[in-house]
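Engineer: First the structure, which I've put down as structure tokens, then a few questions once you've had a look.
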Amino acid sequence: MDLKEIKADSTLDTRGLTCPMPMLKTKKTLKGMDAGKILEVLGDDPGSKNDIPDFANKGSNEFLGFYDDPEGYTRYFIKKG
């Protein structure tokens with residue numbers, strides 16, 4: 001799956017936030033989404049590269065992957081379970 005082709009249903013911008021805020025905001029946003037929808041998280045906190053995949057893989061959600069955007073932040077994709 002090419003992550004750059006994913007059309008997210010919702011986007012959460014956590015750029016400029018540090019741990020634990022990106023994770024907390026991601027968790028809260030996913031709670032409000034319907035199953036099967038895809039959340040894109042934009043972030044620049046280095047800790048999120050571990051935290052977001054770990055969180056997404058523990059529950060019923062599916063972590064689809066992440067990639068580093070050329071503009072200096074990371075894009076994460078989570079499918080709500």
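Just so we're on the same page: first chain in the structure tokens is A, next is B, and so on; residues restart at 1 for each chain, and ligands are numbered from 1 in the order they show up.
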Can you list every residue in chain A that DSSP puts in alpha helix (DSSP H), as an mmCIF file with C-alpha atoms, in the first residue's frame?
Structural biologist:
data_model
loop_
_atom_site.group_PDB
_atom_site.id
_atom_site.type_symbol
_atom_site.label_atom_id
_atom_site.label_comp_id
_atom_site.auth_asym_id
_atom_site.auth_seq_id
_atom_site.Cartn_x
_atom_site.Cartn_y
_atom_site.Cartn_z
ATOM 1 C CA MET A 21 0.111 15.608 23.829
ATOM 2 C CA PRO A 22 0.295 14.085 20.307
ATOM 3 C CA MET A 23 -0.641 10.683 21.740
ATOM 4 C CA LEU A 24 -3.457 12.035 23.920
ATOM 5 C CA LYS A 25 -4.956 14.035 21.051
ATOM 6 C CA THR A 26 -4.712 11.034 18.719
ATOM 7 C CA LYS A 27 -6.498 8.818 21.235
ATOM 8 C CA LYS A 28 -9.268 11.393 21.771
ATOM 9 C CA THR A 29 -9.777 11.957 18.044
ATOM 10 C CA LEU A 30 -10.023 8.228 17.306
ATOM 11 C CA LYS A 31 -12.696 7.814 20.001
ATOM 12 C CA SER A 48 5.630 9.850 18.279
ATOM 13 C CA LYS A 49 7.437 7.498 15.881
ATOM 14 C CA ASN A 50 7.302 4.910 18.667
ATOM 15 C CA ASP A 51 4.245 6.040 20.622
ATOM 16 C CA ILE A 52 1.644 6.265 17.850
ATOM 17 C CA PRO A 53 2.351 2.864 16.213
ATOM 18 C CA ASP A 54 2.517 1.165 19.646
ATOM 19 C CA PHE A 55 -0.809 2.691 20.696
ATOM 20 C CA ALA A 56 -2.555 1.887 17.417
ATOM 21 C CA ASN A 57 -1.417 -1.740 17.451
ATOM 22 C CA LYS A 58 -2.579 -2.422 21.029
#
Engineer: Residues at most 9 Å from A:Lys37, counting only C-alpha atoms, excluding those fewer than 3 positions away in the same chain, as number ranges by chain?
Structural biologist: A: 8-10, 33-34, 78-81
Engineer: Looking at only C-alpha atoms, which of A:Gly32, A:Asp45, A:Leu17, A:Glu40 is the one that sits closest to A:Gly65?
Structural biologist: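 Nearest candidate to A:Gly65 out of A:Gly32, A:Asp45, A:Leu17, A:Glu40: A:Glu40.
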Engineer: Figure out the distance between atom CA of A:Leu39 and atom CA of A:Leu64, please, to one decimal in Å.
Structural biologist: 9.9 Å
Engineer: Pull the strand (DSSP E) assignments for chain A out of DSSP run on the backbone, and list those residues as a list in words.
Structural biologist: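 DSSP-assigned strand (DSSP E) residues in chain A: Ser10, Thr11, Leu12, Asp13, Ile38, Leu39, Glu40, Val41, Leu42, Gly43, Glu62, Phe63, Leu64, Gly65, Phe66, Tyr67, Asp68, Thr74, Arg75, Tyr76, Phe77, Ile78 and Lys79 of chain A.
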Engineer: Only N, CA and C atoms, please: the residues just picked out, written as a PDB file, in the first residue's frame.
Structural biologist:
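Everything below was put into out_6.pdb:
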ATOM      1  N   SER A  10     -10.086  12.013   8.213  1.00  0.00           N
ATOM      2  CA  SER A  10      -9.873  13.098   9.160  1.00  0.00           C
ATOM      3  C   SER A  10      -8.374  13.309   9.336  1.00  0.00           C
ATOM      4  N   THR A  11      -7.974  14.556   9.582  1.00  0.00           N
ATOM      5  CA  THR A  11      -6.569  14.872   9.803  1.00  0.00           C
ATOM      6  C   THR A  11      -6.419  15.605  11.126  1.00  0.00           C
ATOM      7  N   LEU A  12      -5.450  15.158  11.916  1.00  0.00           N
ATOM      8  CA  LEU A  12      -5.141  15.772  13.202  1.00  0.00           C
ATOM      9  C   LEU A  12      -3.735  16.353  13.115  1.00  0.00           C
ATOM     10  N   ASP A  13      -3.604  17.645  13.348  1.00  0.00           N
ATOM     11  CA  ASP A  13      -2.305  18.317  13.280  1.00  0.00           C
ATOM     12  C   ASP A  13      -1.745  18.473  14.689  1.00  0.00           C
ATOM     13  N   ILE A  38     -10.269   6.426   8.416  1.00  0.00           N
ATOM     14  CA  ILE A  38      -8.824   6.588   8.522  1.00  0.00           C
ATOM     15  C   ILE A  38      -8.476   7.971   9.052  1.00  0.00           C
ATOM     16  N   LEU A  39      -7.622   7.970  10.082  1.00  0.00           N
ATOM     17  CA  LEU A  39      -7.122   9.206  10.680  1.00  0.00           C
ATOM     18  C   LEU A  39      -5.681   9.405  10.228  1.00  0.00           C
ATOM     19  N   GLU A  40      -5.398  10.606   9.759  1.00  0.00           N
ATOM     20  CA  GLU A  40      -4.029  11.011   9.438  1.00  0.00           C
ATOM     21  C   GLU A  40      -3.569  11.944  10.542  1.00  0.00           C
ATOM     22  N   VAL A  41      -2.415  11.660  11.125  1.00  0.00           N
ATOM     23  CA  VAL A  41      -1.851  12.500  12.177  1.00  0.00           C
ATOM     24  C   VAL A  41      -0.575  13.127  11.640  1.00  0.00           C
ATOM     25  N   LEU A  42      -0.479  14.445  11.748  1.00  0.00           N
ATOM     26  CA  LEU A  42       0.726  15.170  11.342  1.00  0.00           C
ATOM     27  C   LEU A  42       1.492  15.508  12.615  1.00  0.00           C
ATOM     28  N   GLY A  43       2.764  15.157  12.671  1.00  0.00           N
ATOM     29  CA  GLY A  43       3.521  15.426  13.880  1.00  0.00           C
ATOM     30  C   GLY A  43       5.000  15.614  13.633  1.00  0.00           C
ATOM     31  N   GLU A  62      -5.994  -0.238  13.490  1.00  0.00           N
ATOM     32  CA  GLU A  62      -4.933  -0.784  12.649  1.00  0.00           C
ATOM     33  C   GLU A  62      -3.986   0.337  12.233  1.00  0.00           C
ATOM     34  N   PHE A  63      -2.716   0.195  12.604  1.00  0.00           N
ATOM     35  CA  PHE A  63      -1.719   1.175  12.194  1.00  0.00           C
ATOM     36  C   PHE A  63      -1.306   0.863  10.769  1.00  0.00           C
ATOM     37  N   LEU A  64      -1.535   1.791   9.857  1.00  0.00           N
ATOM     38  CA  LEU A  64      -1.259   1.569   8.440  1.00  0.00           C
ATOM     39  C   LEU A  64       0.168   1.939   8.055  1.00  0.00           C
ATOM     40  N   GLY A  65       0.794   2.819   8.839  1.00  0.00           N
ATOM     41  CA  GLY A  65       2.168   3.201   8.564  1.00  0.00           C
ATOM     42  C   GLY A  65       2.391   4.692   8.696  1.00  0.00           C
ATOM     43  N   PHE A  66       3.633   5.097   8.461  1.00  0.00           N
ATOM     44  CA  PHE A  66       3.976   6.523   8.482  1.00  0.00           C
ATOM     45  C   PHE A  66       5.093   6.789   7.482  1.00  0.00           C
ATOM     46  N   TYR A  67       5.216   8.042   7.110  1.00  0.00           N
ATOM     47  CA  TYR A  67       6.348   8.463   6.288  1.00  0.00           C
ATOM     48  C   TYR A  67       6.702   9.904   6.627  1.00  0.00           C
ATOM     49  N   ASP A  68       7.969  10.237   6.399  1.00  0.00           N
ATOM     50  CA  ASP A  68       8.448  11.590   6.663  1.00  0.00           C
ATOM     51  C   ASP A  68       8.148  12.474   5.470  1.00  0.00           C
ATOM     52  N   THR A  74       6.145  14.290  10.142  1.00  0.00           N
ATOM     53  CA  THR A  74       5.799  12.910   9.820  1.00  0.00           C
ATOM     54  C   THR A  74       4.293  12.776   9.693  1.00  0.00           C
ATOM     55  N   ARG A  75       3.855  11.944   8.749  1.00  0.00           N
ATOM     56  CA  ARG A  75       2.436  11.641   8.541  1.00  0.00           C
ATOM     57  C   ARG A  75       2.194  10.199   8.968  1.00  0.00           C
ATOM     58  N   TYR A  76       1.247  10.023   9.906  1.00  0.00           N
ATOM     59  CA  TYR A  76       0.875   8.709  10.420  1.00  0.00           C
ATOM     60  C   TYR A  76      -0.543   8.395   9.973  1.00  0.00           C
ATOM     61  N   PHE A  77      -0.833   7.125   9.713  1.00  0.00           N
ATOM     62  CA  PHE A  77      -2.162   6.709   9.265  1.00  0.00           C
ATOM     63  C   PHE A  77      -2.667   5.568  10.134  1.00  0.00           C
ATOM     64  N   ILE A  78      -3.846   5.772  10.701  1.00  0.00           N
ATOM     65  CA  ILE A  78      -4.477   4.781  11.577  1.00  0.00           C
ATOM     66  C   ILE A  78      -5.907   4.536  11.095  1.00  0.00           C
ATOM     67  N   LYS A  79      -6.253   3.270  10.954  1.00  0.00           N
ATOM     68  CA  LYS A  79      -7.630   2.896  10.601  1.00  0.00           C
ATOM     69  C   LYS A  79      -8.362   2.529  11.880  1.00  0.00           C
TER      70      LYS A  79
END
Engineer: Separation of atom CA of A:Asp44 and atom CA of A:Cys19, in Å?
Structural biologist: 10.4 Å
Engineer: Between atom CA of A:Gly36 and atom CA of A:Pro20, what is the spacing in Å?
Structural biologist: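 Separation of atom CA of A:Pro20 and atom CA of A:Gly36: 25.4 Å.
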Engineer: Here is a test: counting only C-alpha atoms, which residue of A:Met1, A:Pro70, A:Gly59, A:Pro46 is nearest to A:Gly16?
Structural biologist: A:Pro46
